[in-house]
file model24.cif (mmCIF, C-alpha atoms)
data_target
#
loop_
_atom_site.label_atom_id
_atom_site.label_comp_id
_atom_site.auth_asym_id
_atom_site.auth_seq_id
_atom_site.Cartn_x
_atom_site.Cartn_y
_atom_site.Cartn_z
CA MET V 1 0.00 0.00 0.00
CA HIS V 2 2.60 2.57 -0.98
CA GLU V 3 -0.36 4.43 -2.52
CA MET V 4 -0.94 5.87 0.97
CA SER V 5 2.47 7.59 0.92
CA LEU V 6 1.90 8.68 -2.66
CA CYS V 7 -1.42 10.27 -1.65
CA GLU V 8 0.26 12.04 1.27
CA SER V 9 2.74 13.50 -1.23
CA ILE V 10 -0.07 14.51 -3.61
CA VAL V 11 -1.89 16.36 -0.82
CA GLU V 12 1.35 17.98 0.37
CA ILE V 13 2.14 19.22 -3.15
CA ALA V 14 -1.43 20.42 -3.73
CA GLU V 15 -1.69 22.20 -0.37
CA GLY V 16 1.69 23.85 -0.83
CA GLU V 17 0.76 25.20 -4.25
CA ALA V 18 -2.72 26.32 -3.18
CA ARG V 19 -1.24 28.16 -0.21
CA ARG V 20 1.33 29.87 -2.41
CA GLN V 21 -1.54 31.08 -4.60
CA GLY V 22 -3.46 32.38 -1.56
CA LEU V 23 -6.21 29.78 -1.99
CA SER V 24 -7.75 27.80 0.84
CA THR V 25 -10.09 25.12 -0.52
CA ILE V 26 -9.01 22.51 -3.03
CA LYS V 27 -11.92 21.21 -5.13
CA LEU V 28 -10.15 18.96 -7.57
CA VAL V 29 -6.68 17.48 -8.03
CA ARG V 30 -5.70 16.12 -11.43
CA ILE V 31 -2.88 13.58 -11.55
CA GLU V 32 -1.22 11.44 -14.21
CA VAL V 33 -0.63 7.77 -13.41
CA GLY V 34 1.06 6.07 -16.35
CA ALA V 35 -0.15 2.63 -17.39
CA LEU V 36 3.30 1.22 -16.55
CA SER V 37 3.81 3.16 -13.31
CA HIS V 38 4.05 1.34 -9.99
CA ALA V 39 0.84 2.85 -8.59
CA GLU V 40 -2.64 1.40 -8.71
CA PRO V 41 -5.30 4.04 -9.58
CA ALA V 42 -8.08 2.36 -7.56
CA ALA V 43 -5.86 2.21 -4.46
CA LEU V 44 -4.87 5.87 -4.99
CA ALA V 45 -8.52 6.91 -5.16
CA PHE V 46 -9.26 4.93 -2.00
CA CYS V 47 -6.32 6.38 -0.07
CA PHE V 48 -6.94 9.93 -1.32
CA GLU V 49 -10.24 10.14 0.51
CA ALA V 50 -8.65 9.02 3.77
CA VAL V 51 -5.56 11.20 3.47
CA THR V 52 -7.42 14.42 2.58
CA ARG V 53 -9.57 14.36 5.73
CA GLY V 54 -8.88 17.51 7.75
CA THR V 55 -6.82 19.09 4.97
CA MET V 56 -7.49 21.83 2.40
CA ALA V 57 -8.38 19.02 0.00
CA GLU V 58 -11.07 17.42 2.16
CA GLY V 59 -13.91 16.34 -0.12
CA ALA V 60 -11.90 17.16 -3.25
CA THR V 61 -12.24 15.06 -6.39
CA LEU V 62 -9.18 13.13 -7.54
CA GLU V 63 -9.10 12.94 -11.33
CA ILE V 64 -6.69 10.32 -12.63
CA LEU V 65 -5.38 10.55 -16.21
CA ARG V 66 -3.73 7.40 -17.59
CA PRO V 67 -0.99 8.02 -20.14
CA ARG V 68 -0.45 4.87 -22.23
CA GLY V 69 2.58 2.64 -22.04
CA LYS V 70 5.17 3.18 -24.77
CA ALA V 71 8.27 1.20 -25.62
CA TRP V 72 11.11 1.10 -28.13
CA CYS V 73 11.27 -2.13 -30.13
CA VAL V 74 14.83 -3.07 -30.95
CA ASP V 75 13.72 -5.31 -33.85
CA CYS V 76 11.29 -2.85 -35.49
CA ARG V 77 13.44 0.16 -34.58
CA GLY V 78 10.37 2.09 -33.64
CA GLU V 79 8.16 3.19 -30.78
CA VAL V 80 5.13 1.04 -30.04
CA GLU V 81 2.26 1.13 -27.54
CA ILE V 82 2.06 -1.55 -24.87
CA ALA V 83 -0.40 -2.24 -22.07
CA ALA V 84 2.00 -4.07 -19.72
CA ARG V 85 5.77 -4.37 -19.27
CA PHE V 86 6.03 -7.91 -20.54
CA ASP V 87 3.88 -7.37 -23.64
CA PRO V 88 5.60 -8.42 -26.85
CA CYS V 89 5.94 -5.90 -29.68
CA PRO V 90 2.46 -5.49 -31.25
CA ASN V 91 4.08 -5.25 -34.72
CA CYS V 92 6.69 -8.01 -34.81
CA GLY V 93 5.92 -10.06 -31.68
CA GLY V 94 9.47 -9.56 -30.45
CA ALA V 95 10.39 -9.40 -26.76
CA GLY V 96 13.03 -7.14 -25.25
CA LEU V 97 11.19 -3.85 -25.46
CA TYR V 98 12.65 -0.82 -23.72
CA VAL V 99 9.97 1.22 -21.94
CA THR V 100 9.98 4.87 -23.07
CA GLY V 101 6.70 6.20 -21.66
CA GLY V 102 3.78 5.45 -19.40
CA GLU V 103 5.69 5.58 -16.10
CA GLU V 104 4.36 9.04 -15.16
CA LEU V 105 3.39 9.84 -11.58
CA ARG V 106 2.65 13.55 -11.65
CA VAL V 107 0.38 16.12 -10.10
CA LYS V 108 -0.81 18.02 -13.20
CA ASP V 109 -2.98 20.78 -11.80
CA LEU V 110 -5.67 21.56 -9.30
CA GLU V 111 -8.85 23.55 -8.99
CA ALA V 112 -9.02 25.61 -5.85
CA ALA V 113 -10.81 28.59 -4.35
CA MET A 1 12.71 19.82 14.76
CA CYS A 2 15.03 17.71 12.68
CA LYS A 3 18.17 19.57 11.62
CA VAL A 4 18.64 17.63 8.42
CA CYS A 5 15.24 18.02 6.85
CA GLY A 6 13.11 20.10 9.17
CA CYS A 7 10.63 17.27 9.58
CA GLY A 8 8.47 17.70 12.63
CA GLU A 9 5.85 15.01 12.47
CA GLY A 10 5.45 11.45 13.58
CA GLU A 11 7.00 9.36 16.25
CA MET A 12 10.43 7.82 15.94
CA ARG A 13 11.66 4.73 17.75
CA ILE A 14 15.30 4.26 18.53
CA ASP A 15 17.17 1.04 19.12
CA GLY A 16 20.93 1.11 19.23
CA PRO A 17 23.61 -1.60 19.39
CA GLU A 18 23.46 -1.24 23.18
CA GLY A 19 20.12 -3.01 22.90
CA HIS A 20 17.92 -0.41 24.61
CA ALA A 21 14.90 1.12 23.03
CA HIS A 22 13.00 4.27 23.79
CA HIS A 23 10.38 6.46 22.22
CA HIS A 24 10.46 10.12 21.51
CA HIS A 25 8.43 12.54 19.49
CA HIS A 26 10.36 13.54 16.45
CA GLY A 27 8.90 17.03 16.65
CA GLN A 28 10.62 17.61 19.97
CA GLU A 29 14.13 16.29 19.57
CA HIS A 30 16.26 14.51 17.03
CA ALA A 31 17.18 10.85 17.21
CA HIS A 32 20.83 10.05 17.80
CA ALA A 33 21.07 6.31 17.99
CA HIS A 34 20.96 3.24 15.88
CA SER A 35 17.40 2.38 15.03
CA LEU A 36 14.74 4.64 13.62
CA ASP A 37 11.01 4.14 13.66
CA PHE A 38 8.81 5.88 11.15
CA GLY A 39 5.20 5.15 11.95
CA ALA A 40 4.14 8.61 10.91
CA GLY A 41 0.83 9.69 9.47
CA ALA A 42 -0.10 12.71 7.38
CA ALA A 43 -0.48 16.00 9.16
CA GLY A 44 -3.20 18.15 7.64
CA VAL A 45 -3.46 21.91 7.79
CA HIS A 46 -6.70 23.76 7.32
CA VAL A 47 -6.62 27.31 6.04
CA PRO A 48 -10.01 29.02 6.15
CA GLY A 49 -11.19 31.55 3.59
CA LEU A 50 -13.02 31.57 0.27
CA SER A 51 -12.44 33.02 -3.16
CA GLN A 52 -13.28 32.18 -6.77
CA ALA A 53 -12.29 28.65 -7.86
CA ARG A 54 -9.48 28.54 -10.38
CA ILE A 55 -7.14 26.10 -12.05
CA VAL A 56 -3.54 26.07 -10.83
CA GLU A 57 -0.89 24.39 -13.01
CA ILE A 58 1.51 22.23 -11.00
CA GLU A 59 3.22 19.62 -13.21
CA GLN A 60 5.22 18.14 -10.37
CA ASN A 61 6.41 14.59 -9.89
CA ILE A 62 4.49 13.03 -6.98
CA LEU A 63 7.74 11.60 -5.67
CA ALA A 64 9.64 14.90 -6.04
CA LYS A 65 10.24 15.22 -2.30
CA ASN A 66 11.52 11.67 -1.96
CA ASP A 67 13.67 12.19 -5.05
CA SER A 68 15.26 15.31 -3.59
CA TYR A 69 16.17 13.42 -0.39
CA ALA A 70 17.51 10.64 -2.60
CA ALA A 71 19.65 13.16 -4.50
CA ASP A 72 21.06 14.41 -1.18
CA ASN A 73 21.85 10.85 -0.09
CA ARG A 74 23.49 10.16 -3.45
CA ARG A 75 25.71 13.24 -3.09
CA ARG A 76 26.76 12.24 0.42
CA LEU A 77 27.56 8.70 -0.72
CA ALA A 78 29.46 9.86 -3.79
CA SER A 79 31.58 12.27 -1.73
CA ARG A 80 32.97 9.23 0.09
CA ASN A 81 33.05 6.87 -2.92
CA VAL A 82 30.54 4.60 -1.22
CA LEU A 83 28.83 1.97 -3.36
CA ALA A 84 25.22 1.81 -2.13
CA LEU A 85 22.99 -1.13 -3.03
CA ASN A 86 19.30 -1.37 -2.23
CA LEU A 87 18.40 -5.04 -1.59
CA VAL A 88 14.77 -5.84 -2.31
CA SER A 89 12.74 -9.05 -2.22
CA SER A 90 9.70 -10.65 -0.70
CA PRO A 91 10.08 -11.57 2.99
CA GLY A 92 12.23 -14.65 3.53
CA ALA A 93 14.16 -14.66 0.24
CA GLY A 94 17.43 -14.66 2.19
CA LYS A 95 18.60 -11.04 2.18
CA THR A 96 20.03 -11.00 5.69
CA THR A 97 21.71 -14.41 5.41
CA LEU A 98 23.28 -13.39 2.10
CA LEU A 99 24.52 -10.15 3.67
CA VAL A 100 26.07 -11.95 6.64
CA GLU A 101 28.02 -14.28 4.33
CA THR A 102 28.92 -11.44 1.96
CA ILE A 103 30.34 -9.35 4.81
CA LYS A 104 32.42 -12.32 5.99
CA ALA A 105 33.73 -12.93 2.46
CA LEU A 106 34.69 -9.28 2.00
CA ALA A 107 36.47 -9.02 5.37
CA GLY A 108 39.81 -7.28 4.93
CA GLU A 109 38.91 -6.29 1.35
CA ALA A 110 36.10 -3.74 1.64
CA PRO A 111 34.49 -2.04 4.62
CA VAL A 112 30.76 -2.78 4.70
CA ALA A 113 27.90 -1.05 6.52
CA VAL A 114 24.25 -2.01 6.54
CA ILE A 115 20.95 -0.20 6.94
CA GLU A 116 18.22 -2.67 7.85
CA GLY A 117 14.56 -1.97 7.15
CA ASP A 118 11.75 -3.94 8.78
CA GLN A 119 8.32 -3.09 10.09
CA GLU A 120 9.34 -4.23 13.56
CA THR A 121 12.24 -5.70 15.58
CA ALA A 122 15.97 -5.02 15.45
CA ASN A 123 16.81 -8.70 14.86
CA ASP A 124 18.42 -8.19 11.46
CA ALA A 125 20.68 -5.33 12.55
CA ARG A 126 21.80 -7.48 15.48
CA LYS A 127 22.68 -10.36 13.13
CA ILE A 128 24.73 -7.99 10.97
CA ARG A 129 26.55 -6.48 13.98
CA GLU A 130 27.58 -9.99 15.04
CA THR A 131 29.82 -10.01 11.93
CA GLY A 132 31.52 -6.84 13.21
CA ALA A 133 30.02 -4.60 10.52
CA PRO A 134 28.19 -1.45 11.63
CA ALA A 135 24.41 -1.70 11.15
CA ILE A 136 21.44 0.48 11.90
CA GLN A 137 17.86 -0.68 12.06
CA ILE A 138 14.97 1.33 10.69
CA ASN A 139 11.54 0.22 11.84
CA THR A 140 8.89 1.52 9.49
CA GLY A 141 5.95 0.75 11.79
CA LYS A 142 2.99 0.45 9.44
CA GLY A 143 5.13 1.51 6.47
CA CYS A 144 5.63 -0.96 3.63
CA HIS A 145 8.89 0.44 2.23
CA LEU A 146 11.92 2.55 3.06
CA ASP A 147 12.02 6.07 1.67
CA ALA A 148 14.97 8.36 1.05
CA HIS A 149 14.17 10.51 4.08
CA MET A 150 14.46 7.54 6.46
CA VAL A 151 17.69 6.39 4.83
CA GLY A 152 19.20 9.89 5.11
CA HIS A 153 18.54 9.82 8.85
CA ALA A 154 19.98 6.33 9.16
CA MET A 155 23.12 7.51 7.35
CA ASP A 156 23.56 10.22 10.01
CA HIS A 157 24.12 7.46 12.54
CA LEU A 158 26.49 5.36 10.46
CA ASP A 159 30.13 6.27 10.25
CA LEU A 160 30.54 5.36 6.58
CA ALA A 161 34.14 4.55 5.70
CA GLY A 162 35.52 5.93 2.43
CA SER A 163 35.26 3.50 -0.53
CA SER A 164 33.01 1.22 1.49
CA ILE A 165 29.90 -0.69 0.46
CA LEU A 166 26.56 0.28 1.99
CA PHE A 167 23.84 -2.34 1.77
CA ILE A 168 20.33 -1.07 2.37
CA GLU A 169 18.13 -4.05 3.14
CA ASN A 170 14.64 -2.90 2.29
CA VAL A 171 11.41 -4.06 3.90
CA GLY A 172 10.50 -7.53 2.60
CA ASN A 173 7.97 -6.58 -0.06
CA LEU A 174 8.10 -7.25 -3.78
CA VAL A 175 5.80 -4.33 -4.64
CA CYS A 176 6.16 -0.99 -2.86
CA PRO A 177 9.94 -0.48 -2.52
CA SER A 178 10.27 -0.47 -6.33
CA GLY A 179 9.00 3.09 -6.59
CA PHE A 180 11.21 4.75 -3.99
CA ASP A 181 14.69 5.90 -4.93
CA LEU A 182 16.87 5.87 -1.80
CA GLY A 183 19.95 7.37 -3.45
CA GLU A 184 21.43 3.94 -4.15
CA ASP A 185 23.68 3.06 -7.09
CA ALA A 186 21.55 0.03 -7.94
CA LYS A 187 18.70 -2.10 -6.74
CA VAL A 188 19.44 -5.81 -6.34
CA VAL A 189 16.36 -8.04 -6.30
CA LEU A 190 16.53 -11.43 -4.60
CA LEU A 191 14.17 -14.22 -5.59
CA SER A 192 14.43 -17.59 -3.87
CA VAL A 193 13.90 -20.73 -5.93
CA THR A 194 10.92 -21.69 -3.76
CA GLU A 195 8.98 -18.66 -4.99
CA GLY A 196 8.31 -19.67 -8.59
CA ASP A 197 9.72 -18.67 -11.97
CA ASP A 198 6.80 -16.41 -12.92
CA LYS A 199 7.45 -13.89 -10.13
CA PRO A 200 9.12 -11.40 -12.50
CA LEU A 201 5.90 -11.34 -14.56
CA LYS A 202 3.67 -11.11 -11.50
CA TYR A 203 5.68 -8.31 -9.88
CA PRO A 204 7.20 -6.56 -12.91
CA ASP A 205 7.90 -3.17 -11.33
CA MET A 206 10.52 -4.54 -8.97
CA PHE A 207 12.33 -6.45 -11.72
CA ALA A 208 12.15 -3.42 -14.01
CA ALA A 209 13.78 -1.25 -11.33
CA SER A 210 16.61 -3.67 -10.48
CA SER A 211 20.04 -4.04 -12.07
CA LEU A 212 20.70 -7.54 -10.78
CA LEU A 213 18.52 -10.56 -10.04
CA LEU A 214 20.00 -12.91 -7.46
CA LEU A 215 18.26 -16.26 -7.63
CA THR A 216 18.84 -17.53 -4.09
CA LYS A 217 18.69 -20.89 -2.26
CA THR A 218 19.72 -22.80 -5.40
CA ASP A 219 20.72 -25.72 -3.16
CA LEU A 220 16.95 -26.37 -2.97
CA LEU A 221 16.55 -26.69 -6.76
CA PRO A 222 16.33 -30.53 -6.67
CA TYR A 223 13.24 -30.23 -4.47
CA VAL A 224 11.28 -27.53 -6.29
CA ASP A 225 9.84 -27.08 -9.79
CA LEU A 226 11.45 -23.75 -10.60
CA ASP A 227 12.96 -23.57 -14.09
CA VAL A 228 16.05 -21.35 -13.83
CA ALA A 229 16.25 -20.55 -17.56
CA CYS A 230 12.54 -19.68 -17.68
CA CYS A 231 12.90 -17.45 -14.59
CA ALA A 232 15.82 -15.56 -16.13
CA GLU A 233 13.94 -15.23 -19.42
CA ASN A 234 10.91 -13.81 -17.59
CA ALA A 235 13.12 -11.29 -15.79
CA ARG A 236 14.63 -10.23 -19.14
CA LYS A 237 11.18 -9.84 -20.68
CA ILE A 238 10.60 -7.15 -18.05
CA ASN A 239 14.11 -5.75 -18.05
CA PRO A 240 16.36 -6.77 -20.98
CA GLY A 241 19.44 -5.33 -19.26
CA ILE A 242 19.13 -7.17 -15.94
CA ASP A 243 22.06 -9.35 -14.77
CA VAL A 244 21.14 -12.76 -13.34
CA ILE A 245 23.26 -14.71 -10.83
CA GLU A 246 22.31 -17.99 -9.17
CA VAL A 247 23.54 -18.24 -5.63
CA SER A 248 23.35 -20.53 -2.62
CA VAL A 249 24.67 -19.29 0.69
CA LYS A 250 24.42 -22.85 2.05
CA SER A 251 26.57 -24.56 -0.61
CA GLY A 252 28.60 -21.49 -1.57
CA GLU A 253 27.62 -21.96 -5.23
CA GLY A 254 27.51 -18.65 -7.09
CA MET A 255 29.00 -16.64 -4.22
CA LYS A 256 32.09 -15.92 -6.31
CA ALA A 257 29.99 -14.58 -9.18
CA TRP A 258 28.06 -12.35 -6.76
CA LEU A 259 31.26 -11.09 -5.08
CA ASP A 260 32.81 -10.43 -8.49
CA TRP A 261 29.71 -8.43 -9.48
CA LEU A 262 30.15 -6.39 -6.31
CA ARG A 263 33.84 -5.86 -7.01
CA ARG A 264 33.08 -4.68 -10.55
CA ARG A 265 30.45 -2.22 -9.34
CA ARG A 266 32.71 -0.99 -6.56
CA GLY A 267 35.66 -0.62 -8.95
CA ALA A 268 33.52 1.38 -11.38
CA ASN A 269 32.37 3.56 -8.51
CA LEU A 270 35.77 4.53 -7.21
CA SER A 271 37.15 7.79 -8.52
CA PRO A 272 40.57 7.73 -10.26
CA GLY A 273 42.07 9.39 -7.16
CA ALA A 274 40.64 6.80 -4.81
CA GLU A 275 41.76 4.01 -7.13
CA ARG A 276 45.36 5.31 -7.14
CA GLU A 277 45.27 5.45 -3.37
CA ARG A 278 44.02 1.89 -3.24
CA SER A 279 46.68 0.46 -5.57
CA ALA A 280 49.39 2.42 -3.72
CA GLY A 281 48.24 0.85 -0.48
CA ALA A 282 48.15 -2.65 -1.96
#
call {"tool": "encode", "arguments": {"input": "model24.cif", "output": "structure tokens"}}
result
Amino acid sequence: MHEMSLCESIVEIAEGEARRQGLSTIKLVRIEVGALSHAEPAALAFCFEAVTRGTMAEGATLEILRPRGKAWCVDCRGEVEIAARFDPCPNCGGAGLYVTGGEELRVKDLEAA
Amino acid sequence: MCKVCGCGEGEMRIDGPEGHAHHHHHGQEHAHAHSLDFGAGAAGVHVPGLSQARIVEIEQNILAKNDSYAADNRRRLASRNVLALNLVSSPGAGKTTLLVETIKALAGEAPVAVIEGDQETANDARKIRETGAPAIQINTGKGCHLDAHMVGHAMDHLDLAGSSILFIENVGNLVCPSGFDLGEDAKVVLLSVTEGDDKPLKYPDMFAASSLLLLTKTDLLPYVDLDVACCAENARKINPGIDVIEVSVKSGEGMKAWLDWLRRRRGANLSPGAERERSAGA
């Protein structure tokens, strides 16, 4: 359940930024969780509710964007889309893909008042 | 208030080589002993007031804070030419036993220090100290992984020798520790032969994050169904660049390959100046 620590970081980042902007109530936090990242969106959503209690983000909506997994295929010499790390190349069926995208874990923006 | 990072939340438990333990609130004083307990929760702050809702761009990595602590740790380690390895595995794969034998094998060759991470008990740090190597125990409480902040504090209490090897034995967990950079040079994942050859596919993040797979307890291979070639192939499906070494602490098989891997990494880590000093001393 490292999603709990991730949510604590999300709230810390969001509160810090809202405070800098002179805002006091966070309504929505938008994050990116890549398809190949080590975090589970459902667990993040579950933890977010618990972690935001008593903070500026209490009751806020957590919107999770899911950038797709991307990898470089050595055989095709091109970038391909994959759903999981061990997926073979969708073009040539080859293994040994090097992941190039989809590992994002970012706070994108927030809506606050 | 902590001098290193300014952290002021949570409760820290201390357990030194003297064997005594006591509690203190991290917000009131700083820990100066040999075991750290991070059972901290989130501290919320409420700021009242209302204005028009608006969108605020952030674009920040969720792990940015951990990563900045990790960068600090990495700088501290590099300044002393320390090779730091983060050992990860499920519980019971043999991390501590491997470390004990590794420390014995490297005696007189390389100074070794260990940071032990477990939810509870200082048993592992005690086992390491019995070899004569300095060790500090971090107890994470409810935490499922070590983070760079905890490791930075642990490093404060370890007198790290120049050109030494620091092993950070993470909490036994094949999932969560994969995402947390501690400032190490490499992650080493242990998988015991009793666990099954499809583990790299079931827990891909850990194998993707690691530079070396140590397949442990190979003396048990006659009694289990694990297919070594299949296991290595699965690990390479996740991470084409991963090194794979089979090792048995019991029989000694593979220990040389593991020690040679360590020597290579340590050699690559030493600056030209430190290397000259070493060959002059030899």
call {"tool": "residues_around", "arguments": {"input": "model24.cif", "residues": "V:His38", "least_positions_apart": "4", "cutoff": "12 Å", "atoms": "all atoms listed in the file", "output": "PDB file with C-alpha atoms, in the frame of the given file"}}
result
ATOM      1  CA  MET V   1       0.000   0.000   0.000  1.00  0.00           C
ATOM      2  CA  HIS V   2       2.600   2.570  -0.980  1.00  0.00           C
ATOM      3  CA  GLU V   3      -0.360   4.430  -2.520  1.00  0.00           C
ATOM      4  CA  LEU V   6       1.900   8.680  -2.660  1.00  0.00           C
ATOM      5  CA  VAL V  33      -0.630   7.770 -13.410  1.00  0.00           C
ATOM      6  CA  GLY V  34       1.060   6.070 -16.350  1.00  0.00           C
ATOM      7  CA  ALA V  43      -5.860   2.210  -4.460  1.00  0.00           C
ATOM      8  CA  LEU V  44      -4.870   5.870  -4.990  1.00  0.00           C
ATOM      9  CA  ALA V  84       2.000  -4.070 -19.720  1.00  0.00           C
ATOM     10  CA  ARG V  85       5.770  -4.370 -19.270  1.00  0.00           C
ATOM     11  CA  GLY V 102       3.780   5.450 -19.400  1.00  0.00           C
ATOM     12  CA  GLU V 103       5.690   5.580 -16.100  1.00  0.00           C
ATOM     13  CA  GLU V 104       4.360   9.040 -15.160  1.00  0.00           C
ATOM     14  CA  LEU V 105       3.390   9.840 -11.580  1.00  0.00           C
TER      15      LEU V 105
ATOM     16  CA  LEU A  63       7.740  11.600  -5.670  1.00  0.00           C
ATOM     17  CA  LEU A 174       8.100  -7.250  -3.780  1.00  0.00           C
ATOM     18  CA  VAL A 175       5.800  -4.330  -4.640  1.00  0.00           C
ATOM     19  CA  CYS A 176       6.160  -0.990  -2.860  1.00  0.00           C
ATOM     20  CA  PRO A 177       9.940  -0.480  -2.520  1.00  0.00           C
ATOM     21  CA  SER A 178      10.270  -0.470  -6.330  1.00  0.00           C
ATOM     22  CA  GLY A 179       9.000   3.090  -6.590  1.00  0.00           C
ATOM     23  CA  PHE A 180      11.210   4.750  -3.990  1.00  0.00           C
ATOM     24  CA  TYR A 203       5.680  -8.310  -9.880  1.00  0.00           C
ATOM     25  CA  PRO A 204       7.200  -6.560 -12.910  1.00  0.00           C
ATOM     26  CA  ASP A 205       7.900  -3.170 -11.330  1.00  0.00           C
ATOM     27  CA  MET A 206      10.520  -4.540  -8.970  1.00  0.00           C
ATOM     28  CA  PHE A 207      12.330  -6.450 -11.720  1.00  0.00           C
ATOM     29  CA  ALA A 208      12.150  -3.420 -14.010  1.00  0.00           C
ATOM     30  CA  ALA A 209      13.780  -1.250 -11.330  1.00  0.00           C
TER      31      ALA A 209
END
call {"tool": "interface_residues", "arguments": {"input": "model24.cif", "of": "chain V", "to": "chain A", "cutoff": "7 Å", "atoms": "only C-alpha atoms", "output": "ChimeraX atom specification"}}
result
/V:1-2,6,8-10,24,38,51,54-56,85-86,95-96,105-113
call {"tool": "resolve_selection", "arguments": {"input": "model24.cif", "expression": "the PyMOL selection byres ((chain V and resi 97) around 7)", "output": "PDB file with C-alpha atoms, keeping the file's coordinate frame"}}
result
ATOM      1  CA  ALA V  71       8.270   1.200 -25.620  1.00  0.00           C
ATOM      2  CA  TRP V  72      11.110   1.100 -28.130  1.00  0.00           C
ATOM      3  CA  CYS V  73      11.270  -2.130 -30.130  1.00  0.00           C
ATOM      4  CA  VAL V  74      14.830  -3.070 -30.950  1.00  0.00           C
ATOM      5  CA  ALA V  95      10.390  -9.400 -26.760  1.00  0.00           C
ATOM      6  CA  GLY V  96      13.030  -7.140 -25.250  1.00  0.00           C
ATOM      7  CA  TYR V  98      12.650  -0.820 -23.720  1.00  0.00           C
ATOM      8  CA  VAL V  99       9.970   1.220 -21.940  1.00  0.00           C
TER       9      VAL V  99
END
call {"tool": "closest_residue", "arguments": {"input": "model24.cif", "among": "A:Ala232, A:Val151, A:Ala186, A:Val100", "to": "A:Arg129", "atoms": "all atoms listed in the file"}}
result
A:Val100
call {"tool": "closest_residue", "arguments": {"input": "model24.cif", "among": "A:Ser163, A:Ser192, A:Ser90, A:Asn170", "to": "A:Asp118", "atoms": "all atoms listed in the file"}}
result
A:Asn170
call {"tool": "atom_distance", "arguments": {"input": "model24.cif", "atom1": "atom CA of V:Cys89", "atom2": "atom CA of A:Ile242"}}
result
19.1 Å
call {"tool": "resolve_selection", "arguments": {"input": "model24.cif", "expression": "the PyMOL selection byres ((chain A and resi 162) around 6)", "output": "list in words"}}
result
Arg80, Asn81, Ala161, Ser163 and Ser164 of chain A
call {"tool": "atom_distance", "arguments": {"input": "model24.cif", "atom1": "atom CA of A:Leu214", "atom2": "atom CA of A:Leu99"}}
result
12.3 Å
call {"tool": "atom_distance", "arguments": {"input": "model24.cif", "atom1": "atom CA of V:Asp87", "atom2": "atom CA of V:Lys70"}}
result
10.7 Å
call {"tool": "closest_atom_pairs", "arguments": {"input": "model24.cif", "of": "stretch 67-176 of chain A", "to": "stretch 257-263 of chain A", "cutoff": "12 Å", "atoms": "only C-alpha atoms", "output": "tab-separated table"}}
result
residue	atom	partner	partner_atom	distance
A:Leu83	CA	A:Leu262	CA	9.0
A:Ala84	CA	A:Leu262	CA	10.4
A:Leu85	CA	A:Leu262	CA	9.5
A:Leu98	CA	A:Trp258	CA	10.1
A:Leu99	CA	A:Leu259	CA	11.1
A:Glu101	CA	A:Leu259	CA	10.5
A:Thr102	CA	A:Leu259	CA	7.4
A:Ile103	CA	A:Leu259	CA	10.1
A:Lys104	CA	A:Leu259	CA	11.2
A:Ala105	CA	A:Leu259	CA	8.1
A:Leu106	CA	A:Leu259	CA	8.1
A:Ala107	CA	A:Leu259	CA	11.9
A:Glu109	CA	A:Arg263	CA	9.8
A:Ala110	CA	A:Arg263	CA	9.2
A:Val112	CA	A:Leu262	CA	11.6
A:Ser163	CA	A:Arg263	CA	11.5
A:Ser164	CA	A:Arg263	CA	11.1
A:Ile165	CA	A:Leu262	CA	8.9
A:Leu166	CA	A:Leu262	CA	11.2
A:Phe167	CA	A:Leu262	CA	11.0
call {"tool": "write_last_selection", "arguments": {"input": "model24.cif", "atoms": "C-alpha atoms", "output": "mmCIF file, keeping the file's coordinate frame"}}
result
data_model
loop_
_atom_site.group_PDB
_atom_site.id
_atom_site.type_symbol
_atom_site.label_atom_id
_atom_site.label_comp_id
_atom_site.auth_asym_id
_atom_site.auth_seq_id
_atom_site.Cartn_x
_atom_site.Cartn_y
_atom_site.Cartn_z
ATOM 1 C CA LEU A 83 28.830 1.970 -3.360
ATOM 2 C CA ALA A 84 25.220 1.810 -2.130
ATOM 3 C CA LEU A 85 22.990 -1.130 -3.030
ATOM 4 C CA LEU A 98 23.280 -13.390 2.100
ATOM 5 C CA LEU A 99 24.520 -10.150 3.670
ATOM 6 C CA GLU A 101 28.020 -14.280 4.330
ATOM 7 C CA THR A 102 28.920 -11.440 1.960
ATOM 8 C CA ILE A 103 30.340 -9.350 4.810
ATOM 9 C CA LYS A 104 32.420 -12.320 5.990
ATOM 10 C CA ALA A 105 33.730 -12.930 2.460
ATOM 11 C CA LEU A 106 34.690 -9.280 2.000
ATOM 12 C CA ALA A 107 36.470 -9.020 5.370
ATOM 13 C CA GLU A 109 38.910 -6.290 1.350
ATOM 14 C CA ALA A 110 36.100 -3.740 1.640
ATOM 15 C CA VAL A 112 30.760 -2.780 4.700
ATOM 16 C CA SER A 163 35.260 3.500 -0.530
ATOM 17 C CA SER A 164 33.010 1.220 1.490
ATOM 18 C CA ILE A 165 29.900 -0.690 0.460
ATOM 19 C CA LEU A 166 26.560 0.280 1.990
ATOM 20 C CA PHE A 167 23.840 -2.340 1.770
#
call {"tool": "closest_residue", "arguments": {"input": "model24.cif", "among": "V:Gly94, V:Leu23, V:Val80, V:Val29", "to": "V:Thr52", "atoms": "only C-alpha atoms"}}
result
V:Val29
call {"tool": "resolve_selection", "arguments": {"input": "model24.cif", "expression": "the PyMOL selection byres ((chain V and resi 65-67) around 7)", "output": "JSON, numbers by chain"}}
result
{"V": [31, 32, 33, 34, 35, 63, 64, 68, 69, 102]}
call {"tool": "closest_residue", "arguments": {"input": "model24.cif", "among": "A:Leu221, A:Cys231, A:Ala70, A:Ala268", "to": "A:His149", "atoms": "all atoms listed in the file"}}
result
A:Ala70
call {"tool": "closest_residue", "arguments": {"input": "model24.cif", "among": "V:Leu62, V:Met4, V:Cys76, V:Ala18", "to": "V:Ala45", "atoms": "all atoms listed in the file"}}
result
V:Leu62
